[in-house]
Amino acid sequence: ARVRRSGRRASAMYSRRKLKHWRRRKNELEKMGMRYNEGRYKLSCVVRQDPAHHVYCCALNTVHPAHADKLATTAGPRAYVYRLTPDGGVKLTQCYVDEDDEEDYFACCWCSSAARETSGRPMLAVAGGYKGVVRVIDCVARVVHVNLRGHGGGVNDVKAHPLRPHLLLTASKDESCRLWNLDSAVCVAVFAGEFGHRNEVLSVDFKPGVDPYDASEREEPGGGSSGGRNDVGHDVGKCPDDGDVVFVSGAMDNQIKVWSTRGYPGLVRKSD
């Protein structure tokens, strides 16, 4: 009881000091003709989701310029899609619930298809924390576009290629990273083994500006693009690493690894 009273007394003293500091600072600003919150950041909106589940990931749509106001979040077995409103608020537009209540989505990212019939549609990839299944959802048709299976453990992170967003990269508890083609549902490559991580992989990210299709393969990558533009209409510049997939990964073995597919020409093209 004595320890509990001491803790409460210390907390009350800290709160009084904080309040005293706030009042002093407010008075100083008012003497200068300024309001206390002028020039400071402010909270414009709060959204409370299911309190039984943590919000592990949130992602704005940077893939589709026409849908830049879309926000995706994952919590428990649910994936939410919100629309950012001009007044600083958010509005729920879609919610997807996994058939298994025990599933827990750890990560999500926006991606896009390169196929002719679905090119340009905003798609959301959500990564399962328990089953290890990556579900790609077509947010226009509101159906699951494809399920990517192959990991032997939960998936901690998922990223879409910045130039070719039909290519996905995943990091898993099975100590591996995998590169996927969501149009063909093919696992392009597995990065693990002798030179791989020795504990679960927590995070991955692509090197920007590197096109996995080299100059000779840019005519129709994925069956839908042409010339020097990618699947969603962004310009693709020339880079000495073109034709290569370069990415980094970080894991619980306290190591950061840089991976490259150099030496395997046409690797991505063969998965189309």
# chains A, B, ... in the order shown; residues from 1 in each chain; ligands from 1
call {"tool": "residues_around", "arguments": {"residues": "Gly266 (chain A)", "least_positions_apart": "6", "cutoff": "9 Å", "atoms": "only C-alpha atoms", "output": "MDAnalysis selection string"}}
result
chainID A and resid 212:214 217 243:244
call {"tool": "write_last_selection", "arguments": {"atoms": "N, CA, C and O atoms", "output": "CSV table (one decimal), in the first residue's frame"}}
result
chain,number,residue,atom,x,y,z
A,212,PRO,N,12.6,-3.9,-63.1
A,212,PRO,CA,12.9,-5.3,-63.2
A,212,PRO,C,12.9,-5.8,-64.6
A,212,PRO,O,13.4,-6.9,-64.9
A,213,TYR,N,12.3,-5.1,-65.5
A,213,TYR,CA,12.3,-5.4,-66.9
A,213,TYR,C,13.4,-4.6,-67.6
A,213,TYR,O,13.4,-3.4,-67.5
A,214,ASP,N,14.3,-5.3,-68.3
A,214,ASP,CA,15.3,-4.5,-69.0
A,214,ASP,C,14.8,-3.9,-70.3
A,214,ASP,O,13.6,-4.1,-70.6
A,217,GLU,N,12.7,-5.9,-72.8
A,217,GLU,CA,11.5,-6.6,-72.3
A,217,GLU,C,10.4,-5.6,-72.0
A,217,GLU,O,9.4,-5.9,-71.5
A,243,GLY,N,16.5,-4.4,-65.3
A,243,GLY,CA,16.6,-5.8,-65.5
A,243,GLY,C,16.9,-6.6,-64.2
A,243,GLY,O,17.0,-7.8,-64.2
A,244,ASP,N,17.0,-5.9,-63.1
A,244,ASP,CA,17.4,-6.4,-61.8
A,244,ASP,C,16.4,-6.1,-60.8
A,244,ASP,O,15.7,-5.1,-60.9
call {"tool": "residues_around", "arguments": {"residues": "region 84-90 of chain A", "least_positions_apart": "3", "cutoff": "6 Å", "atoms": "only C-alpha atoms", "output": "list in words"}}
result
Ser44, Cys45 and Asp69 of chain A
call {"tool": "write_last_selection", "arguments": {"atoms": "C-alpha atoms", "output": "PDB file, in the first residue's frame"}}
result
ATOM      1  CA  SER A  44      -7.736  16.517 -37.096  1.00  0.00           C
ATOM      2  CA  CYS A  45      -9.435  13.137 -36.709  1.00  0.00           C
ATOM      3  CA  ASP A  69      -7.106   9.816 -50.881  1.00  0.00           C
TER       4      ASP A  69
END
call {"tool": "select_by_dssp", "arguments": {"residues": "region 2-207 of chain A", "states": "strand (DSSP E or B)", "output": "ChimeraX atom specification"}}
result
/A:55-60,70-75,78-84,90-97,105-111,113,119,123-128,134-138,143-148,155-160,167-172,177-181,186-191,201-206
call {"tool": "residues_around", "arguments": {"residues": "Ser184 (chain A)", "least_positions_apart": "2", "cutoff": "8 Å", "atoms": "only C-alpha atoms", "output": "number ranges by chain"}}
result
A: 181-182, 186, 271-272
call {"tool": "residues_around", "arguments": {"residues": "region 100-117 of chain A", "least_positions_apart": "4", "cutoff": "8 Å", "atoms": "only C-alpha atoms", "output": "ChimeraX atom specification"}}
result
/A:56-63,72-79,121-131,155-160,165-166,168,182-183,221-225,231-232
call {"tool": "atom_distance", "arguments": {"atom1": "CA of Phe206 (chain A)", "atom2": "CA of Val188 (chain A)"}}
result
15.0 Å
call {"tool": "decode", "arguments": {"residues": "region 176-203 of chain A", "atoms": "N, CA and C atoms", "output": "PDB file, in the first residue's frame"}}
result
ATOM      1  N   SER A 176      12.423 -16.301 -44.575  1.00  0.00           N
ATOM      2  CA  SER A 176      12.619 -16.103 -46.006  1.00  0.00           C
ATOM      3  C   SER A 176      11.907 -14.846 -46.496  1.00  0.00           C
ATOM      4  N   CYS A 177      12.361 -14.363 -47.657  1.00  0.00           N
ATOM      5  CA  CYS A 177      11.675 -13.318 -48.414  1.00  0.00           C
ATOM      6  C   CYS A 177      11.267 -13.933 -49.749  1.00  0.00           C
ATOM      7  N   ARG A 178      10.117 -13.532 -50.238  1.00  0.00           N
ATOM      8  CA  ARG A 178       9.633 -14.071 -51.504  1.00  0.00           C
ATOM      9  C   ARG A 178       9.170 -12.955 -52.423  1.00  0.00           C
ATOM     10  N   LEU A 179       9.463 -13.137 -53.711  1.00  0.00           N
ATOM     11  CA  LEU A 179       9.021 -12.217 -54.749  1.00  0.00           C
ATOM     12  C   LEU A 179       7.894 -12.883 -55.518  1.00  0.00           C
ATOM     13  N   TRP A 180       6.764 -12.151 -55.665  1.00  0.00           N
ATOM     14  CA  TRP A 180       5.565 -12.710 -56.276  1.00  0.00           C
ATOM     15  C   TRP A 180       5.132 -11.895 -57.476  1.00  0.00           C
ATOM     16  N   ASN A 181       4.498 -12.575 -58.427  1.00  0.00           N
ATOM     17  CA  ASN A 181       3.795 -11.923 -59.531  1.00  0.00           C
ATOM     18  C   ASN A 181       2.309 -12.154 -59.285  1.00  0.00           C
ATOM     19  N   LEU A 182       1.575 -11.095 -58.928  1.00  0.00           N
ATOM     20  CA  LEU A 182       0.185 -11.291 -58.521  1.00  0.00           C
ATOM     21  C   LEU A 182      -0.736 -11.636 -59.687  1.00  0.00           C
ATOM     22  N   ASP A 183      -0.325 -11.332 -60.925  1.00  0.00           N
ATOM     23  CA  ASP A 183      -1.170 -11.656 -62.077  1.00  0.00           C
ATOM     24  C   ASP A 183      -1.150 -13.143 -62.406  1.00  0.00           C
ATOM     25  N   SER A 184       0.018 -13.751 -62.303  1.00  0.00           N
ATOM     26  CA  SER A 184       0.138 -15.178 -62.604  1.00  0.00           C
ATOM     27  C   SER A 184       0.123 -16.026 -61.337  1.00  0.00           C
ATOM     28  N   ALA A 185       0.091 -15.375 -60.157  1.00  0.00           N
ATOM     29  CA  ALA A 185       0.114 -16.077 -58.861  1.00  0.00           C
ATOM     30  C   ALA A 185       1.350 -16.957 -58.733  1.00  0.00           C
ATOM     31  N   VAL A 186       2.457 -16.513 -59.324  1.00  0.00           N
ATOM     32  CA  VAL A 186       3.695 -17.282 -59.322  1.00  0.00           C
ATOM     33  C   VAL A 186       4.663 -16.688 -58.310  1.00  0.00           C
ATOM     34  N   CYS A 187       5.330 -17.557 -57.569  1.00  0.00           N
ATOM     35  CA  CYS A 187       6.425 -17.127 -56.717  1.00  0.00           C
ATOM     36  C   CYS A 187       7.671 -17.036 -57.592  1.00  0.00           C
ATOM     37  N   VAL A 188       8.125 -15.831 -57.866  1.00  0.00           N
ATOM     38  CA  VAL A 188       9.240 -15.622 -58.801  1.00  0.00           C
ATOM     39  C   VAL A 188      10.555 -16.125 -58.216  1.00  0.00           C
ATOM     40  N   ALA A 189      10.789 -15.846 -56.935  1.00  0.00           N
ATOM     41  CA  ALA A 189      12.050 -16.251 -56.312  1.00  0.00           C
ATOM     42  C   ALA A 189      11.882 -16.317 -54.805  1.00  0.00           C
ATOM     43  N   VAL A 190      12.684 -17.167 -54.179  1.00  0.00           N
ATOM     44  CA  VAL A 190      12.737 -17.293 -52.719  1.00  0.00           C
ATOM     45  C   VAL A 190      14.136 -16.905 -52.272  1.00  0.00           C
ATOM     46  N   PHE A 191      14.226 -15.976 -51.337  1.00  0.00           N
ATOM     47  CA  PHE A 191      15.512 -15.494 -50.854  1.00  0.00           C
ATOM     48  C   PHE A 191      15.716 -16.018 -49.434  1.00  0.00           C
ATOM     49  N   ALA A 192      16.457 -17.109 -49.334  1.00  0.00           N
ATOM     50  CA  ALA A 192      16.691 -17.770 -48.051  1.00  0.00           C
ATOM     51  C   ALA A 192      17.864 -18.726 -48.216  1.00  0.00           C
ATOM     52  N   GLY A 193      18.079 -19.566 -47.223  1.00  0.00           N
ATOM     53  CA  GLY A 193      19.120 -20.577 -47.341  1.00  0.00           C
ATOM     54  C   GLY A 193      20.432 -20.172 -46.715  1.00  0.00           C
ATOM     55  N   GLU A 194      21.526 -20.551 -47.366  1.00  0.00           N
ATOM     56  CA  GLU A 194      22.862 -20.355 -46.801  1.00  0.00           C
ATOM     57  C   GLU A 194      23.167 -18.890 -46.507  1.00  0.00           C
ATOM     58  N   PHE A 195      22.755 -18.003 -47.418  1.00  0.00           N
ATOM     59  CA  PHE A 195      23.041 -16.583 -47.244  1.00  0.00           C
ATOM     60  C   PHE A 195      21.835 -15.827 -46.690  1.00  0.00           C
ATOM     61  N   GLY A 196      20.818 -16.558 -46.272  1.00  0.00           N
ATOM     62  CA  GLY A 196      19.604 -15.926 -45.785  1.00  0.00           C
ATOM     63  C   GLY A 196      19.670 -15.579 -44.309  1.00  0.00           C
ATOM     64  N   HIS A 197      18.566 -15.098 -43.808  1.00  0.00           N
ATOM     65  CA  HIS A 197      18.455 -14.720 -42.398  1.00  0.00           C
ATOM     66  C   HIS A 197      18.355 -15.968 -41.526  1.00  0.00           C
ATOM     67  N   ARG A 198      18.687 -15.802 -40.255  1.00  0.00           N
ATOM     68  CA  ARG A 198      18.657 -16.896 -39.293  1.00  0.00           C
ATOM     69  C   ARG A 198      17.550 -16.719 -38.256  1.00  0.00           C
ATOM     70  N   ASN A 199      16.638 -15.789 -38.522  1.00  0.00           N
ATOM     71  CA  ASN A 199      15.480 -15.586 -37.664  1.00  0.00           C
ATOM     72  C   ASN A 199      14.408 -14.937 -38.526  1.00  0.00           C
ATOM     73  N   GLU A 200      13.225 -14.720 -37.962  1.00  0.00           N
ATOM     74  CA  GLU A 200      12.131 -14.228 -38.774  1.00  0.00           C
ATOM     75  C   GLU A 200      12.439 -12.853 -39.358  1.00  0.00           C
ATOM     76  N   VAL A 201      12.043 -12.663 -40.605  1.00  0.00           N
ATOM     77  CA  VAL A 201      12.274 -11.408 -41.316  1.00  0.00           C
ATOM     78  C   VAL A 201      11.125 -10.457 -40.995  1.00  0.00           C
ATOM     79  N   LEU A 202      11.465  -9.243 -40.580  1.00  0.00           N
ATOM     80  CA  LEU A 202      10.454  -8.294 -40.127  1.00  0.00           C
ATOM     81  C   LEU A 202      10.081  -7.262 -41.176  1.00  0.00           C
ATOM     82  N   SER A 203      11.037  -6.874 -42.032  1.00  0.00           N
ATOM     83  CA  SER A 203      10.762  -5.767 -42.944  1.00  0.00           C
ATOM     84  C   SER A 203      11.536  -5.929 -44.242  1.00  0.00           C
TER      85      SER A 203
END
